[in-house]
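Visitor: Can you keep this structure in mind? I'll have questions shortly.
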Amino acid sequence: MARSVGCHCKGNPACKLCGGAGRYSYEPGPRGWMPFACPTCAGVGKVGGAACVTCRAHGQVDPADPPSSGWVDVIRKAFFGAT
């Protein structure tokens, strides 16, 4: 079952993961929510000398760590974990 996950690019049209939509589709595999190489920077962490907006200069995207959508989301994740 594919889920829609928030992208850290905040709707940047240069993002190759979501294409500027701010969300991308992800289907957890048999091992769950696993990080994968960033398609925008090809796992390097930089694009043209600047930090990659898709992976936040980490080189990989972690679908289990989506951006927060407000203070209610932060509190919910603190008490119940990310879903």
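To be explicit about the labels: the chains of the structure tokens are called A, B, and onward in the order shown, and within each one the residues are counted from 1, while ligands get numbers from 1 in the order they are shown.
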Give me the residues within 6 Å of Arg23 of chain A as a list of chain:residue names, counting only C-alpha atoms and dropping any in the same chain fewer than 3 places off.
Guide: A:Val5, A:Gly6, A:Cys7, A:Cys18
Visitor: What would the file look like if the residues just selected were written as a compact mmCIF listing (two decimals), in the first residue's frame with N, CA, C and O atoms?
Guide:
```txt
# COMPACT_ATOMS: atom_id res chain seq x y z
N VAL A 5 4.08 10.79 1.23
CA VAL A 5 5.00 11.28 2.25
C VAL A 5 5.41 12.71 1.90
O VAL A 5 5.64 13.04 0.74
N GLY A 6 5.52 13.56 2.91
CA GLY A 6 5.95 14.94 2.71
C GLY A 6 7.41 15.00 2.31
O GLY A 6 8.25 14.25 2.81
N CYS A 7 7.74 15.91 1.41
CA CYS A 7 9.10 16.09 0.92
C CYS A 7 9.72 17.31 1.60
O CYS A 7 9.06 18.33 1.79
N CYS A 18 9.82 14.73 -5.87
CA CYS A 18 8.39 15.04 -5.92
C CYS A 18 8.01 15.94 -7.09
O CYS A 18 6.83 16.17 -7.32
```
Visitor: Run DSSP on the backbone and grab whatever in chain A lands in alpha helix (DSSP H); send it over as a PyMOL selection string.
Guide: chain A and resi 71-80
Visitor: For those residues, write N, CA, C and O atoms to a file as a PDB file, in the first residue's frame.
Guide:
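Saved file result.pdb follows:
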```
ATOM      1  N   TRP A  71       2.931  22.478  14.917  1.00  0.00           N
ATOM      2  CA  TRP A  71       3.221  22.088  16.296  1.00  0.00           C
ATOM      3  C   TRP A  71       2.394  20.895  16.761  1.00  0.00           C
ATOM      4  O   TRP A  71       2.842  20.114  17.590  1.00  0.00           O
ATOM      5  N   VAL A  72       1.192  20.732  16.225  1.00  0.00           N
ATOM      6  CA  VAL A  72       0.374  19.576  16.592  1.00  0.00           C
ATOM      7  C   VAL A  72       1.041  18.297  16.097  1.00  0.00           C
ATOM      8  O   VAL A  72       1.065  17.285  16.803  1.00  0.00           O
ATOM      9  N   ASP A  73       1.614  18.347  14.919  1.00  0.00           N
ATOM     10  CA  ASP A  73       2.314  17.196  14.361  1.00  0.00           C
ATOM     11  C   ASP A  73       3.547  16.852  15.196  1.00  0.00           C
ATOM     12  O   ASP A  73       3.836  15.678  15.436  1.00  0.00           O
ATOM     13  N   VAL A  74       4.271  17.853  15.667  1.00  0.00           N
ATOM     14  CA  VAL A  74       5.448  17.626  16.498  1.00  0.00           C
ATOM     15  C   VAL A  74       5.054  16.932  17.798  1.00  0.00           C
ATOM     16  O   VAL A  74       5.699  15.967  18.225  1.00  0.00           O
ATOM     17  N   ILE A  75       3.992  17.383  18.427  1.00  0.00           N
ATOM     18  CA  ILE A  75       3.530  16.772  19.680  1.00  0.00           C
ATOM     19  C   ILE A  75       3.031  15.355  19.445  1.00  0.00           C
ATOM     20  O   ILE A  75       3.330  14.433  20.208  1.00  0.00           O
ATOM     21  N   ARG A  76       2.296  15.138  18.351  1.00  0.00           N
ATOM     22  CA  ARG A  76       1.789  13.798  18.030  1.00  0.00           C
ATOM     23  C   ARG A  76       2.930  12.830  17.816  1.00  0.00           C
ATOM     24  O   ARG A  76       2.929  11.690  18.310  1.00  0.00           O
ATOM     25  N   LYS A  77       3.993  13.256  17.091  1.00  0.00           N
ATOM     26  CA  LYS A  77       5.141  12.395  16.866  1.00  0.00           C
ATOM     27  C   LYS A  77       5.890  12.108  18.163  1.00  0.00           C
ATOM     28  O   LYS A  77       6.426  11.018  18.351  1.00  0.00           O
ATOM     29  N   ALA A  78       5.940  13.081  19.068  1.00  0.00           N
ATOM     30  CA  ALA A  78       6.626  12.882  20.342  1.00  0.00           C
ATOM     31  C   ALA A  78       5.920  11.821  21.190  1.00  0.00           C
ATOM     32  O   ALA A  78       6.566  11.003  21.842  1.00  0.00           O
ATOM     33  N   PHE A  79       4.606  11.834  21.176  1.00  0.00           N
ATOM     34  CA  PHE A  79       3.854  10.885  22.000  1.00  0.00           C
ATOM     35  C   PHE A  79       3.581   9.553  21.333  1.00  0.00           C
ATOM     36  O   PHE A  79       3.616   8.506  21.976  1.00  0.00           O
ATOM     37  N   PHE A  80       3.299   9.572  20.039  1.00  0.00           N
ATOM     38  CA  PHE A  80       2.866   8.340  19.351  1.00  0.00           C
ATOM     39  C   PHE A  80       3.835   7.839  18.304  1.00  0.00           C
ATOM     40  O   PHE A  80       3.617   6.795  17.720  1.00  0.00           O
TER      41      PHE A  80
END
```
Visitor: Which is closest to Tyr26 of chain A among A:Ala64, A:Cys55, A:Ala14, A:Ala2, if we use only C-alpha atoms?
Guide: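 Nearest candidate to Tyr26 of chain A out of A:Ala64, A:Cys55, A:Ala14, A:Ala2: A:Ala2.
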Visitor: Considering only C-alpha atoms, return as an MDAnalysis selection string whatever protein or nucleic-acid residues lie within 12 Å of Tyr24 of chain A, sequence-local ones (same chain, fewer than 5 positions apart) excluded.
Guide: chainID A and resid 2:11 15:19 54 61 63 66
Visitor: Grab the residues selected above and save them as a compact mmCIF listing (two decimals), in the first residue's frame with N, CA, C and O atoms.
Guide:
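Generated output (part.txt):
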```txt
# COMPACT_ATOMS: atom_id res chain seq x y z
N ALA A 2 0.86 1.99 -1.07
CA ALA A 2 1.66 3.20 -1.20
C ALA A 2 1.09 4.31 -0.34
O ALA A 2 -0.12 4.45 -0.19
N ARG A 3 1.99 5.09 0.27
CA ARG A 3 1.59 6.22 1.11
C ARG A 3 2.18 7.49 0.55
O ARG A 3 3.24 7.47 -0.06
N SER A 4 1.52 8.58 0.77
CA SER A 4 2.01 9.89 0.36
C SER A 4 2.82 10.47 1.50
O SER A 4 2.32 10.61 2.62
N VAL A 5 4.08 10.79 1.23
CA VAL A 5 5.00 11.28 2.25
C VAL A 5 5.41 12.71 1.90
O VAL A 5 5.64 13.04 0.74
N GLY A 6 5.52 13.56 2.91
CA GLY A 6 5.95 14.94 2.71
C GLY A 6 7.41 15.00 2.31
O GLY A 6 8.25 14.25 2.81
N CYS A 7 7.74 15.91 1.41
CA CYS A 7 9.10 16.09 0.92
C CYS A 7 9.72 17.31 1.60
O CYS A 7 9.06 18.33 1.79
N HIS A 8 11.00 17.23 1.93
CA HIS A 8 11.69 18.32 2.60
C HIS A 8 12.00 19.50 1.67
O HIS A 8 12.45 20.54 2.14
N CYS A 9 11.75 19.37 0.39
CA CYS A 9 12.07 20.46 -0.55
C CYS A 9 11.10 21.63 -0.44
O CYS A 9 11.36 22.69 -0.98
N LYS A 10 9.98 21.45 0.23
CA LYS A 10 8.96 22.48 0.40
C LYS A 10 8.42 22.99 -0.93
O LYS A 10 8.17 24.17 -1.12
N GLY A 11 8.26 22.09 -1.88
CA GLY A 11 7.66 22.45 -3.16
C GLY A 11 8.62 23.06 -4.17
O GLY A 11 8.19 23.74 -5.10
N CYS A 15 13.28 19.77 -7.45
CA CYS A 15 13.31 18.48 -6.77
C CYS A 15 12.90 17.37 -7.73
O CYS A 15 11.83 17.42 -8.33
N LYS A 16 13.75 16.36 -7.87
CA LYS A 16 13.45 15.24 -8.76
C LYS A 16 12.64 14.15 -8.07
O LYS A 16 12.15 13.25 -8.71
N LEU A 17 12.50 14.24 -6.75
CA LEU A 17 11.73 13.24 -6.01
C LEU A 17 10.23 13.50 -6.13
O LEU A 17 9.46 12.61 -6.46
N CYS A 18 9.82 14.73 -5.87
CA CYS A 18 8.39 15.04 -5.92
C CYS A 18 8.01 15.94 -7.09
O CYS A 18 6.83 16.17 -7.32
N GLY A 19 8.99 16.47 -7.80
CA GLY A 19 8.71 17.34 -8.95
C GLY A 19 8.10 18.68 -8.56
O GLY A 19 7.43 19.30 -9.35
N THR A 54 16.38 18.47 -1.34
CA THR A 54 15.58 17.26 -1.19
C THR A 54 16.02 16.42 0.01
O THR A 54 15.20 16.00 0.81
N VAL A 61 17.37 10.05 1.38
CA VAL A 61 16.06 10.49 1.85
C VAL A 61 15.53 9.42 2.79
O VAL A 61 15.53 8.24 2.45
N PRO A 63 12.21 8.24 4.39
CA PRO A 63 10.76 8.43 4.38
C PRO A 63 10.13 8.34 5.77
O PRO A 63 9.02 8.80 5.99
N PRO A 66 9.58 12.49 7.78
CA PRO A 66 9.04 13.55 6.95
C PRO A 66 9.06 14.88 7.69
O PRO A 66 9.18 14.92 8.92
```
Visitor: Quick check, in Å to one decimal: how far apart do atom CA of Gly70 of chain A and atom CA of Ala42 of chain A lie?
Guide: 29.5 Å
Visitor: May I ask which of the residues A:Gly43, A:Pro13, A:Gly22, A:Gly81 is the closest one to Pro67 of chain A, counting only C-alpha atoms?
Guide: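 Smallest separation from Pro67 of chain A among the options: A:Gly22.
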Visitor: Name the residues in contact with Trp33 of chain A at a cut-off of 8 Å, using only C-alpha atoms, excluding same-chain residues fewer than 2 positions from it; report them as a tab-separated table (two decimals) with N, CA, C and O atoms, in the first residue's frame.
Guide:
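result.tsv was written with the following content:
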```tsv
chain	number	residue	atom	x	y	z
A	28	PRO	N	6.37	1.09	1.63
A	28	PRO	CA	7.33	0.39	2.49
A	28	PRO	C	7.56	-1.03	2.01
A	28	PRO	O	6.63	-1.73	1.61
A	29	GLY	N	8.82	-1.44	2.04
A	29	GLY	CA	9.18	-2.78	1.62
A	29	GLY	C	9.04	-3.76	2.75
A	29	GLY	O	8.50	-3.45	3.82
A	31	ARG	N	11.21	-4.73	4.80
A	31	ARG	CA	11.97	-4.28	5.98
A	31	ARG	C	11.44	-2.96	6.52
A	31	ARG	O	12.04	-2.38	7.41
A	35	PRO	N	15.68	4.21	4.23
A	35	PRO	CA	16.23	5.35	3.48
A	35	PRO	C	16.69	4.90	2.09
A	35	PRO	O	17.06	3.74	1.89
A	62	ASP	N	15.07	9.85	3.96
A	62	ASP	CA	14.50	8.92	4.93
A	62	ASP	C	12.99	9.14	4.98
A	62	ASP	O	12.53	10.12	5.55
A	63	PRO	N	12.21	8.24	4.39
A	63	PRO	CA	10.76	8.43	4.38
A	63	PRO	C	10.13	8.34	5.77
A	63	PRO	O	9.02	8.80	5.99
A	64	ALA	N	10.85	7.78	6.74
A	64	ALA	CA	10.34	7.69	8.10
A	64	ALA	C	10.53	9.00	8.86
A	64	ALA	O	10.08	9.12	9.99
```
Visitor: When you draw a straight line from atom CA of Ala50 of chain A to atom CA of Ser25 of chain A, how long is it in Å?
Guide: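 Computing the Euclidean distance for atom CA of Ala50 of chain A and atom CA of Ser25 of chain A yields 25.9 Å.
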Visitor: With a distance cut-off of 9 Å and only C-alpha atoms, select the neighbouring residues of His58 of chain A, excluding the residue or stretch itself and same-chain residues fewer than 2 positions from it, and output the selection as a list in words.
Guide: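 The residues that qualify are Cys38, Gly43, Val44, Gly45, Lys46, Ala51, Cys52, Cys55, Arg56, Gln60 and Val61 of chain A.
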Visitor: One decimal, Å: what's the distance from atom CA of Val47 of chain A over to atom CA of Ser69 of chain A, could you say?
Guide: 25.7 Å
Visitor: Could you give me the residues within chain A that DSSP places in strand (DSSP E or B), as a list in words?
Guide: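 Answer for chain A restricted to strand (DSSP E or B) is Arg3, Ser4, Val5, Gly6, Arg23, Tyr24, Ser25, Tyr26, Gly29, Gly32, Phe36, Ala37, Lys46, Val47, Ala50, Ala51, Gln60 and Val61 of chain A.
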